[in-house]
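*Asks:* Input my_file14.json, format and content: JSON, C-alpha atoms.
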```json
[["chain", "number", "residue", "atom", "x", "y", "z"],
["A", 1, "MET", "CA", 168.58, 83.23, 125.06],
["A", 2, "LEU", "CA", 171.89, 84.75, 123.93],
["A", 3, "GLU", "CA", 173.12, 86.39, 120.72],
["A", 4, "VAL", "CA", 176.81, 86.85, 120.05],
["A", 5, "TYR", "CA", 178.60, 88.92, 117.44],
["A", 6, "ILE", "CA", 181.51, 86.95, 116.00],
["A", 7, "VAL", "CA", 184.20, 88.64, 113.92],
["A", 8, "ASN", "CA", 186.82, 87.42, 111.44],
["A", 9, "LEU", "CA", 189.89, 88.16, 113.56],
["A", 10, "GLY", "CA", 192.32, 88.21, 110.63],
["A", 11, "LYS", "CA", 190.23, 90.78, 108.75],
["A", 12, "TYR", "CA", 189.85, 92.83, 111.92],
["A", 13, "ASN", "CA", 193.63, 92.95, 112.39],
["A", 14, "GLU", "CA", 193.84, 94.25, 108.82],
["A", 15, "GLY", "CA", 191.45, 97.08, 109.69],
["A", 16, "GLU", "CA", 188.24, 95.55, 108.26],
["A", 17, "LEU", "CA", 185.23, 94.56, 110.40],
["A", 18, "VAL", "CA", 183.62, 91.40, 109.04],
["A", 19, "GLY", "CA", 181.18, 89.87, 111.49],
["A", 20, "THR", "CA", 177.71, 88.46, 112.05],
["A", 21, "TRP", "CA", 175.23, 87.89, 114.87],
["A", 22, "LEU", "CA", 174.56, 84.30, 115.92],
["A", 23, "LYS", "CA", 171.72, 83.17, 118.16],
["A", 24, "LEU", "CA", 172.62, 80.57, 120.78],
["A", 25, "PRO", "CA", 172.04, 77.77, 121.35],
["A", 26, "ALA", "CA", 172.84, 76.99, 117.73],
["A", 27, "THR", "CA", 173.19, 73.82, 115.69],
["A", 28, "GLU", "CA", 176.50, 72.77, 114.17],
["A", 29, "ARG", "CA", 175.21, 73.85, 110.75],
["A", 30, "GLU", "CA", 174.20, 77.29, 112.05],
["A", 31, "ILE", "CA", 177.68, 77.81, 113.52],
["A", 32, "GLN", "CA", 179.29, 76.71, 110.27],
["A", 33, "ASP", "CA", 177.01, 79.05, 108.30],
["A", 34, "ALA", "CA", 178.18, 81.92, 110.51],
["A", 35, "PHE", "CA", 181.82, 80.98, 109.90],
["A", 36, "VAL", "CA", 181.21, 80.92, 106.16],
["A", 37, "LYS", "CA", 179.48, 84.29, 106.35],
["A", 38, "ILE", "CA", 182.47, 85.96, 108.02],
["A", 39, "GLY", "CA", 184.96, 84.27, 105.72],
["A", 40, "ILE", "CA", 186.70, 81.72, 107.93],
["A", 41, "GLY", "CA", 184.94, 78.64, 106.59],
["A", 42, "ARG", "CA", 183.65, 77.24, 103.32],
["A", 43, "TYR", "CA", 181.49, 74.46, 101.95],
["A", 44, "THR", "CA", 182.96, 72.01, 99.46],
["A", 45, "GLU", "CA", 181.64, 68.92, 97.73],
["A", 46, "HIS", "CA", 183.03, 66.98, 100.69],
["A", 47, "GLY", "CA", 181.29, 69.15, 103.29],
["A", 48, "TYR", "CA", 182.38, 71.98, 105.55],
["A", 49, "ARG", "CA", 186.04, 72.96, 105.67],
["A", 50, "HIS", "CA", 187.38, 75.41, 108.23],
["A", 51, "GLY", "CA", 189.77, 78.11, 107.04],
["A", 52, "VAL", "CA", 189.74, 80.24, 103.90],
["A", 53, "GLU", "CA", 192.76, 81.40, 101.89],
["A", 54, "VAL", "CA", 192.45, 84.74, 100.08],
["A", 55, "ASP", "CA", 195.37, 86.19, 98.11],
["A", 56, "GLY", "CA", 197.84, 84.11, 100.08],
["A", 57, "VAL", "CA", 196.34, 85.02, 103.46],
["A", 58, "PHE", "CA", 194.70, 82.24, 105.48],
["A", 59, "TYR", "CA", 191.69, 83.25, 107.59],
["A", 60, "GLU", "CA", 190.53, 80.84, 110.29],
["A", 61, "GLU", "CA", 190.40, 82.70, 113.62],
["A", 62, "TYR", "CA", 187.37, 84.48, 115.06],
["A", 63, "GLN", "CA", 186.52, 86.36, 118.21],
["A", 64, "ILE", "CA", 183.33, 87.19, 120.08],
["A", 65, "PHE", "CA", 183.12, 90.99, 120.10],
["A", 66, "ASP", "CA", 179.65, 91.61, 121.50],
["A", 67, "TRP", "CA", 176.68, 89.79, 123.01],
["A", 68, "GLU", "CA", 173.08, 90.38, 124.06],
["A", 69, "ALA", "CA", 171.18, 88.30, 126.60],
["A", 70, "ASN", "CA", 167.41, 88.09, 126.38],
["A", 71, "GLY", "CA", 164.75, 86.60, 128.62],
["A", 72, "ASN", "CA", 164.41, 86.93, 132.38],
["A", 73, "PHE", "CA", 167.77, 85.41, 133.19],
["A", 74, "ALA", "CA", 170.17, 88.31, 132.64],
["A", 75, "ILE", "CA", 173.64, 86.90, 132.12],
["A", 76, "GLN", "CA", 176.21, 89.21, 133.69],
["A", 77, "GLN", "CA", 179.35, 87.75, 132.18],
["A", 78, "ASN", "CA", 182.15, 88.88, 129.90],
["A", 79, "PHE", "CA", 182.30, 86.45, 126.97],
["A", 80, "ALA", "CA", 185.29, 88.00, 125.22],
["A", 81, "GLY", "CA", 187.81, 85.24, 124.55],
["A", 82, "TRP", "CA", 185.25, 82.43, 124.78],
["A", 83, "GLY", "CA", 185.16, 79.73, 122.13],
["A", 84, "ILE", "CA", 181.82, 79.53, 120.35],
["A", 85, "TYR", "CA", 181.40, 75.81, 121.02],
["A", 86, "THR", "CA", 182.08, 76.19, 124.75],
["A", 87, "LEU", "CA", 179.65, 79.09, 124.98],
["A", 88, "ASN", "CA", 177.06, 77.18, 122.97],
["A", 89, "ALA", "CA", 177.29, 74.26, 125.42],
["A", 90, "PHE", "CA", 176.81, 76.64, 128.35],
["A", 91, "VAL", "CA", 173.73, 78.26, 126.82],
["A", 92, "LYS", "CA", 172.26, 74.82, 126.11],
["A", 93, "LYS", "CA", 172.67, 74.01, 129.80],
["A", 94, "LEU", "CA", 170.86, 77.20, 130.81],
["A", 95, "LYS", "CA", 168.04, 76.41, 128.41],
["A", 96, "GLU", "CA", 167.67, 72.87, 129.76],
["A", 97, "LEU", "CA", 167.26, 74.25, 133.29],
["A", 98, "ASP", "CA", 164.29, 76.44, 132.29],
["A", 99, "LEU", "CA", 165.60, 79.26, 134.48],
["A", 100, "ASP", "CA", 163.59, 81.76, 132.45],
["A", 101, "GLU", "CA", 160.42, 80.02, 133.64],
["A", 102, "VAL", "CA", 161.61, 80.21, 137.27],
["A", 103, "PHE", "CA", 162.10, 83.97, 137.03],
["A", 104, "VAL", "CA", 158.74, 84.46, 135.30],
["A", 105, "LEU", "CA", 157.00, 82.61, 138.15],
["A", 106, "TYR", "CA", 159.00, 84.56, 140.73],
["A", 107, "GLN", "CA", 157.82, 87.89, 139.31],
["A", 108, "LYS", "CA", 154.23, 86.66, 139.39],
["A", 109, "VAL", "CA", 154.59, 85.66, 143.04],
["A", 110, "VAL", "CA", 156.05, 89.07, 143.90],
["A", 111, "ARG", "CA", 153.12, 90.76, 142.14],
["A", 112, "GLY", "CA", 150.69, 88.53, 144.04],
["A", 113, "THR", "CA", 149.23, 86.89, 140.92],
["A", 114, "LEU", "CA", 150.59, 83.39, 141.64],
["A", 115, "PRO", "CA", 150.61, 81.22, 144.80],
["A", 116, "LEU", "CA", 154.03, 80.74, 146.32],
["A", 117, "PHE", "CA", 153.80, 76.95, 146.17],
["A", 118, "ARG", "CA", 153.81, 77.02, 142.34],
["A", 119, "LEU", "CA", 157.18, 78.73, 142.39],
["A", 120, "VAL", "CA", 158.45, 76.28, 145.02],
["A", 121, "GLU", "CA", 157.48, 73.33, 142.82],
["A", 122, "GLU", "CA", 159.50, 74.73, 139.91],
["A", 123, "VAL", "CA", 162.52, 75.59, 142.06],
["A", 124, "VAL", "CA", 162.54, 72.15, 143.71],
["A", 125, "CYS", "CA", 162.33, 70.51, 140.28],
["A", 126, "VAL", "CA", 165.38, 72.44, 139.04],
["A", 127, "MET", "CA", 167.36, 71.78, 142.22],
["A", 128, "ASN", "CA", 166.58, 68.06, 142.06],
["A", 129, "ASP", "CA", 167.70, 67.95, 138.41],
["A", 130, "LEU", "CA", 171.00, 69.60, 139.41],
["A", 131, "GLY", "CA", 171.48, 67.36, 142.43],
["A", 132, "LEU", "CA", 171.41, 70.36, 144.79],
["A", 133, "GLU", "CA", 170.36, 69.80, 148.39],
["A", 134, "HIS", "CA", 167.42, 71.81, 149.72],
["A", 135, "ASP", "CA", 165.16, 71.99, 152.77],
["A", 136, "PHE", "CA", 161.79, 72.06, 151.00],
["A", 137, "VAL", "CA", 159.44, 69.28, 152.07],
["A", 138, "HIS", "CA", 156.23, 68.13, 150.38],
["A", 139, "ASP", "CA", 153.14, 66.89, 152.22],
["A", 140, "ASP", "CA", 153.80, 63.31, 151.09],
["A", 141, "GLU", "CA", 157.20, 63.32, 152.78],
["A", 142, "ILE", "CA", 155.69, 64.78, 155.95],
["A", 143, "ILE", "CA", 153.23, 61.91, 156.26],
["A", 144, "GLU", "CA", 156.05, 59.40, 155.91],
["A", 145, "GLN", "CA", 158.07, 61.18, 158.60],
["A", 146, "ILE", "CA", 155.12, 61.32, 161.01],
["A", 147, "LEU", "CA", 154.40, 57.61, 160.55],
["A", 148, "PHE", "CA", 158.04, 56.83, 161.22],
["A", 149, "GLU", "CA", 158.10, 58.92, 164.41],
["A", 150, "ALA", "CA", 154.75, 57.48, 165.55],
["A", 151, "LYS", "CA", 156.00, 53.91, 165.26],
["A", 152, "SER", "CA", 158.87, 54.74, 167.58],
["A", 153, "GLY", "CA", 156.54, 56.55, 170.01],
["A", 154, "SER", "CA", 158.24, 59.93, 169.56],
["A", 155, "TRP", "CA", 155.14, 62.04, 170.22],
["A", 156, "GLU", "CA", 157.09, 65.05, 171.54],
["A", 157, "ARG", "CA", 159.21, 64.97, 168.38],
["A", 158, "ILE", "CA", 156.06, 65.00, 166.24],
["A", 159, "LYS", "CA", 154.73, 67.97, 168.22],
["A", 160, "PHE", "CA", 157.81, 70.09, 167.61],
["A", 161, "PHE", "CA", 158.10, 68.85, 164.04],
["A", 162, "LEU", "CA", 154.62, 70.13, 163.17],
["A", 163, "GLU", "CA", 154.36, 73.12, 165.51],
["A", 164, "ASP", "CA", 155.01, 75.85, 162.92],
["A", 165, "ALA", "CA", 153.73, 74.00, 159.86],
["A", 166, "ASP", "CA", 151.12, 75.57, 157.58],
["A", 167, "VAL", "CA", 148.40, 72.93, 157.32],
["A", 168, "ASN", "CA", 146.94, 74.66, 154.23],
["A", 169, "SER", "CA", 150.18, 74.44, 152.22],
["A", 170, "GLU", "CA", 151.50, 71.58, 150.09],
["A", 171, "TRP", "CA", 155.11, 72.64, 150.69],
["A", 172, "HIS", "CA", 157.03, 73.43, 153.85],
["A", 173, "ILE", "CA", 160.63, 74.08, 154.77],
["A", 174, "LEU", "CA", 162.82, 72.60, 157.50],
["A", 175, "ASP", "CA", 164.26, 75.08, 159.97],
["A", 176, "GLY", "CA", 167.69, 74.83, 161.57],
["A", 177, "TYR", "CA", 166.34, 72.36, 164.14],
["A", 178, "GLY", "CA", 164.81, 69.97, 161.64],
["A", 179, "ASN", "CA", 161.24, 71.13, 162.29],
["A", 180, "LEU", "CA", 158.73, 72.33, 159.71],
["A", 181, "SER", "CA", 158.20, 76.04, 159.07],
["A", 182, "ARG", "CA", 156.12, 78.14, 156.69],
["A", 183, "ILE", "CA", 157.87, 78.97, 153.44],
["A", 184, "THR", "CA", 158.51, 82.65, 152.75],
["A", 185, "VAL", "CA", 159.50, 84.41, 149.54],
["A", 186, "LYS", "CA", 162.95, 84.92, 151.11],
["A", 187, "ASP", "CA", 163.38, 81.15, 151.40],
["A", 188, "VAL", "CA", 162.68, 80.74, 147.69],
["A", 189, "GLU", "CA", 164.93, 83.68, 146.78],
["A", 190, "PHE", "CA", 167.76, 81.97, 148.65],
["A", 191, "ALA", "CA", 167.15, 78.74, 146.74],
["A", 192, "ILE", "CA", 167.10, 80.56, 143.39],
["A", 193, "GLN", "CA", 170.39, 82.23, 144.27],
["A", 194, "ARG", "CA", 171.88, 78.80, 144.97],
["A", 195, "ILE", "CA", 170.82, 77.71, 141.48],
["A", 196, "VAL", "CA", 172.34, 80.81, 139.91],
["A", 197, "ASP", "CA", 175.56, 80.32, 141.88],
["A", 198, "TYR", "CA", 175.74, 76.73, 140.70],
["A", 199, "VAL", "CA", 175.28, 77.75, 137.05],
["A", 200, "GLU", "CA", 177.98, 80.42, 137.39],
["A", 201, "GLU", "CA", 180.31, 77.82, 138.90],
["A", 202, "GLU", "CA", 179.61, 75.49, 135.98],
["A", 203, "LEU", "CA", 180.35, 78.41, 133.65],
["A", 204, "HIS", "CA", 183.81, 78.82, 135.17],
["A", 205, "HIS", "CA", 184.46, 75.08, 134.82],
["A", 206, "LEU", "CA", 183.62, 75.28, 131.14],
["A", 207, "VAL", "CA", 186.19, 77.97, 130.43],
["A", 208, "ALA", "CA", 188.87, 76.73, 132.82]]
```
Written as structure tokens, how would this file's structure read?
*Replies:*
Amino acid sequence: MLEVYIVNLGKYNEGELVGTWLKLPATEREIQDAFVKIGIGRYTEHGYRHGVEVDGVFYEEYQIFDWEANGNFAIQQNFAGWGIYTLNAFVKKLKELDLDEVFVLYQKVVRGTLPLFRLVEEVVCVMNDLGLEHDFVHDDEIIEQILFEAKSGSWERIKFFLEDADVNSEWHILDGYGNLSRITVKDVEFAIQRIVDYVEEELHHLVA
């Protein structure tokens, strides 16, 4: 999902560029291997040790100099100054959310090769996992609501509730009055933007 170019900061300050690309998310061993490769870590008989002394100079600091995002989720963020472990945790979170899959489905819907409800299912799943509120309603929930209103004799409420519903769709959305409406691509775009905003907010918390 993301590749970063980490550089031995001590060597760089001496005028020498010693760096390597590292794919994230990475394991602890992969991060340590990268540190060893750029000369700020070493393996001993007791395991990994951070910091390397060469001719009386101790090298232990690194810096992220460059990065490349791949996949459908284009990360527009400056990672200079980030710690590799903080960034690795962030990328793991992105991967767990399967946002790439959401954007793949979105493009298919836009091209007309995938029904909108398939995208809605994926978006609702991600939003539920994140604990984000949304106005998407499944058929099963509609039946429960109708039964509840029917028991209380609220027939006018049921009429307005269902007036703009799409009977051929599994998913609907609540309008500003609490009634059902047909879902549009714009509704899903708004929900995806809420997910992206949430992830960006989490990003800022990680580096705060």
*Asks:* Find the spatial neighbours of A:Ile183, counting only C-alpha atoms, within a cut-off of 8 Å - ignore same-chain residues fewer than 5 positions away - and output them as a list in words.
*Replies:* Trp171, His172, Ile173 and Val188 of chain A
*Asks:* Within 10 Å of A:Phe79, counting all atoms listed in the file, which residues qualify if same-chain residues fewer than 4 places away don't, as a list in words?
*Replies:*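 Once the nearby chain positions are removed, what remains is Val4, Gln63, Ile64, Phe65, Asp66, Trp67, Gly83, Ile84, Leu87 and Val207 of chain A.
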*Asks:* Would you please work out which residue, of A:Glu101, A:Arg182, A:Glu53, A:Glu149, is nearest to A:Glu163 when using only C-alpha atoms?
*Replies:*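 Comparing A:Glu101, A:Arg182, A:Glu53, A:Glu149 against A:Glu163, the winner is A:Arg182.
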*Asks:* If I take atom CA of A:Leu147 and atom CA of A:Asp166, how far is one from the other in Å, to one decimal?
*Replies:*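 Spanning atom CA of A:Leu147 to atom CA of A:Asp166 is a straight-line distance of 18.5 Å.
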*Asks:* In terms of the shortest atom-to-atom distance over all atoms listed in the file, which of A:Gly10, A:Gly178, A:Gly81, A:Pro115 is closest to A:Gly51?
*Replies:*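 Closest candidate: A:Gly10.
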*Asks:* Please compute the atom CA of A:Tyr106-atom CA of A:Glu122 distance, one decimal, in Å.
*Replies:* 9.9 Å
*Asks:* Grab the atom CA of A:His138 to atom CA of A:Lys159 distance for me, in Å with one decimal place.
*Replies:* 17.9 Å
*Asks:* Between A:Lys23, A:Arg157, A:His46, A:Lys37, which residue has the minimum interatomic distance to A:Val91, considering all atoms listed in the file?
*Replies:*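 Going through A:Lys23, A:Arg157, A:His46, A:Lys37 one by one, the smallest distance to A:Val91 is for A:Lys23.
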*Asks:* Identify which of the residues A:Ile40, A:Ala80, A:Val137, A:Met127 lies closest to A:Val196, counting all atoms listed in the file when measuring atom-to-atom distances.
*Replies:*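 Of the candidates, the smallest distance to A:Val196 is held by A:Met127.
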*Asks:* Which residue out of A:Ala191, A:Ile158, A:Ala26, A:Leu99 has the minimum interatomic distance to A:Thr86 when only C-alpha atoms are used?
*Replies:* A:Ala26
*Asks:* Could you pull the residues within 12 Å of A:Asp139, counting only C-alpha atoms, minus those fewer than 6 positions along the same chain, as a list in words?
*Replies:* Phe117, Gln145, Ile146, Leu162, Ala165, Asp166, Val167, Asn168, Ser169, Glu170, Trp171, His172, Ile173 and Leu180 of chain A
*Asks:* Kindly indicate which residue among A:Val57, A:Val7, A:Leu174, A:Ile195 lies nearest to A:Val102, using all atoms listed in the file for the distances.
*Replies:*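 The shortest atom-to-atom distance to A:Val102 comes from A:Ile195.
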*Asks:* Counting all atoms listed in the file, select every polymer residue within 10 Å of (180.9, 78.9, 111.2) as defined in the file's coordinates, and provide the selection as a short mmCIF file (atom, residue, chain, number, x, y, z; two decimals) with C-alpha atoms, in the coordinates of the input.
*Replies:*
```
data_model
loop_
_atom_site.label_atom_id
_atom_site.label_comp_id
_atom_site.auth_asym_id
_atom_site.auth_seq_id
_atom_site.Cartn_x
_atom_site.Cartn_y
_atom_site.Cartn_z
CA ILE A 6 181.51 86.95 116.00
CA LEU A 22 174.56 84.30 115.92
CA GLU A 28 176.50 72.77 114.17
CA ARG A 29 175.21 73.85 110.75
CA GLU A 30 174.20 77.29 112.05
CA ILE A 31 177.68 77.81 113.52
CA GLN A 32 179.29 76.71 110.27
CA ASP A 33 177.01 79.05 108.30
CA ALA A 34 178.18 81.92 110.51
CA PHE A 35 181.82 80.98 109.90
CA VAL A 36 181.21 80.92 106.16
CA LYS A 37 179.48 84.29 106.35
CA ILE A 38 182.47 85.96 108.02
CA GLY A 39 184.96 84.27 105.72
CA ILE A 40 186.70 81.72 107.93
CA GLY A 41 184.94 78.64 106.59
CA ARG A 42 183.65 77.24 103.32
CA TYR A 48 182.38 71.98 105.55
CA ARG A 49 186.04 72.96 105.67
CA HIS A 50 187.38 75.41 108.23
CA GLY A 51 189.77 78.11 107.04
CA GLU A 60 190.53 80.84 110.29
CA TYR A 62 187.37 84.48 115.06
CA ILE A 84 181.82 79.53 120.35
#
```
*Asks:* Can you give me all heavy atoms for stretch 164-175 of chain A, written as a compact mmCIF listing (two decimals), in the coordinates of the input?
*Replies:*
```
# COMPACT_ATOMS: atom_id res chain seq x y z
N ASP A 164 155.10 74.64 163.74
CA ASP A 164 155.01 75.85 162.92
C ASP A 164 154.63 75.56 161.48
O ASP A 164 154.81 76.41 160.59
CB ASP A 164 156.37 76.59 162.94
CG ASP A 164 156.69 77.13 164.31
OD1 ASP A 164 155.77 77.61 164.99
OD2 ASP A 164 157.88 77.04 164.71
N ALA A 165 154.11 74.38 161.23
CA ALA A 165 153.73 74.00 159.86
C ALA A 165 152.46 74.72 159.43
O ALA A 165 151.60 75.04 160.26
CB ALA A 165 153.55 72.50 159.75
N ASP A 166 152.33 74.96 158.15
CA ASP A 166 151.12 75.57 157.58
C ASP A 166 150.28 74.43 157.02
O ASP A 166 150.59 73.85 155.97
CB ASP A 166 151.51 76.55 156.48
CG ASP A 166 150.29 77.25 155.89
OD1 ASP A 166 149.16 76.92 156.30
OD2 ASP A 166 150.48 78.12 155.02
N VAL A 167 149.20 74.09 157.71
CA VAL A 167 148.40 72.93 157.32
C VAL A 167 147.71 73.14 155.97
O VAL A 167 147.25 72.19 155.35
CB VAL A 167 147.33 72.61 158.39
CG1 VAL A 167 147.99 72.19 159.68
CG2 VAL A 167 146.40 73.82 158.62
N ASN A 168 147.62 74.38 155.50
CA ASN A 168 146.94 74.66 154.23
C ASN A 168 147.91 74.68 153.04
O ASN A 168 147.51 74.97 151.92
CB ASN A 168 146.23 76.02 154.31
CG ASN A 168 145.12 76.01 155.34
OD1 ASN A 168 144.34 75.07 155.41
ND2 ASN A 168 145.07 77.05 156.16
N SER A 169 149.19 74.39 153.29
CA SER A 169 150.18 74.44 152.22
C SER A 169 150.67 73.05 151.85
O SER A 169 150.76 72.16 152.69
CB SER A 169 151.37 75.30 152.68
OG SER A 169 152.38 75.30 151.69
N GLU A 170 150.96 72.86 150.56
CA GLU A 170 151.50 71.58 150.09
C GLU A 170 152.99 71.47 150.37
O GLU A 170 153.54 70.37 150.45
CB GLU A 170 151.29 71.43 148.58
CG GLU A 170 149.84 71.29 148.15
CD GLU A 170 149.73 71.10 146.65
OE1 GLU A 170 150.57 70.38 146.09
OE2 GLU A 170 148.82 71.68 146.04
N TRP A 171 153.67 72.62 150.50
CA TRP A 171 155.11 72.64 150.69
C TRP A 171 155.47 73.34 151.98
O TRP A 171 154.82 74.29 152.40
CB TRP A 171 155.79 73.35 149.52
CG TRP A 171 155.79 72.56 148.25
CD1 TRP A 171 154.87 72.62 147.25
CD2 TRP A 171 156.75 71.59 147.85
NE1 TRP A 171 155.19 71.74 146.26
CE2 TRP A 171 156.35 71.09 146.59
CE3 TRP A 171 157.91 71.08 148.43
CZ2 TRP A 171 157.07 70.12 145.91
CZ3 TRP A 171 158.63 70.12 147.76
CH2 TRP A 171 158.21 69.64 146.51
N HIS A 172 156.51 72.85 152.62
CA HIS A 172 157.03 73.43 153.85
C HIS A 172 158.54 73.47 153.74
O HIS A 172 159.12 72.95 152.79
CB HIS A 172 156.61 72.58 155.06
CG HIS A 172 155.17 72.23 155.07
ND1 HIS A 172 154.22 72.93 155.77
CD2 HIS A 172 154.49 71.23 154.44
CE1 HIS A 172 153.03 72.39 155.57
NE2 HIS A 172 153.16 71.35 154.77
N ILE A 173 159.18 74.05 154.75
CA ILE A 173 160.63 74.08 154.77
C ILE A 173 161.13 73.70 156.16
O ILE A 173 160.47 74.01 157.17
CB ILE A 173 161.17 75.49 154.37
CG1 ILE A 173 162.67 75.42 154.08
CG2 ILE A 173 160.84 76.53 155.43
CD1 ILE A 173 163.20 76.64 153.36
N LEU A 174 162.24 72.99 156.22
CA LEU A 174 162.82 72.60 157.50
C LEU A 174 163.64 73.75 158.06
O LEU A 174 164.45 74.35 157.34
CB LEU A 174 163.71 71.37 157.32
CG LEU A 174 162.99 70.06 156.94
CD1 LEU A 174 164.01 68.98 156.64
CD2 LEU A 174 162.06 69.62 158.06
N ASP A 175 163.45 74.04 159.35
CA ASP A 175 164.26 75.08 159.97
C ASP A 175 165.59 74.49 160.44
O ASP A 175 165.90 73.32 160.18
CB ASP A 175 163.50 75.76 161.12
CG ASP A 175 163.19 74.78 162.26
OD1 ASP A 175 163.82 73.70 162.33
OD2 ASP A 175 162.31 75.12 163.08
```
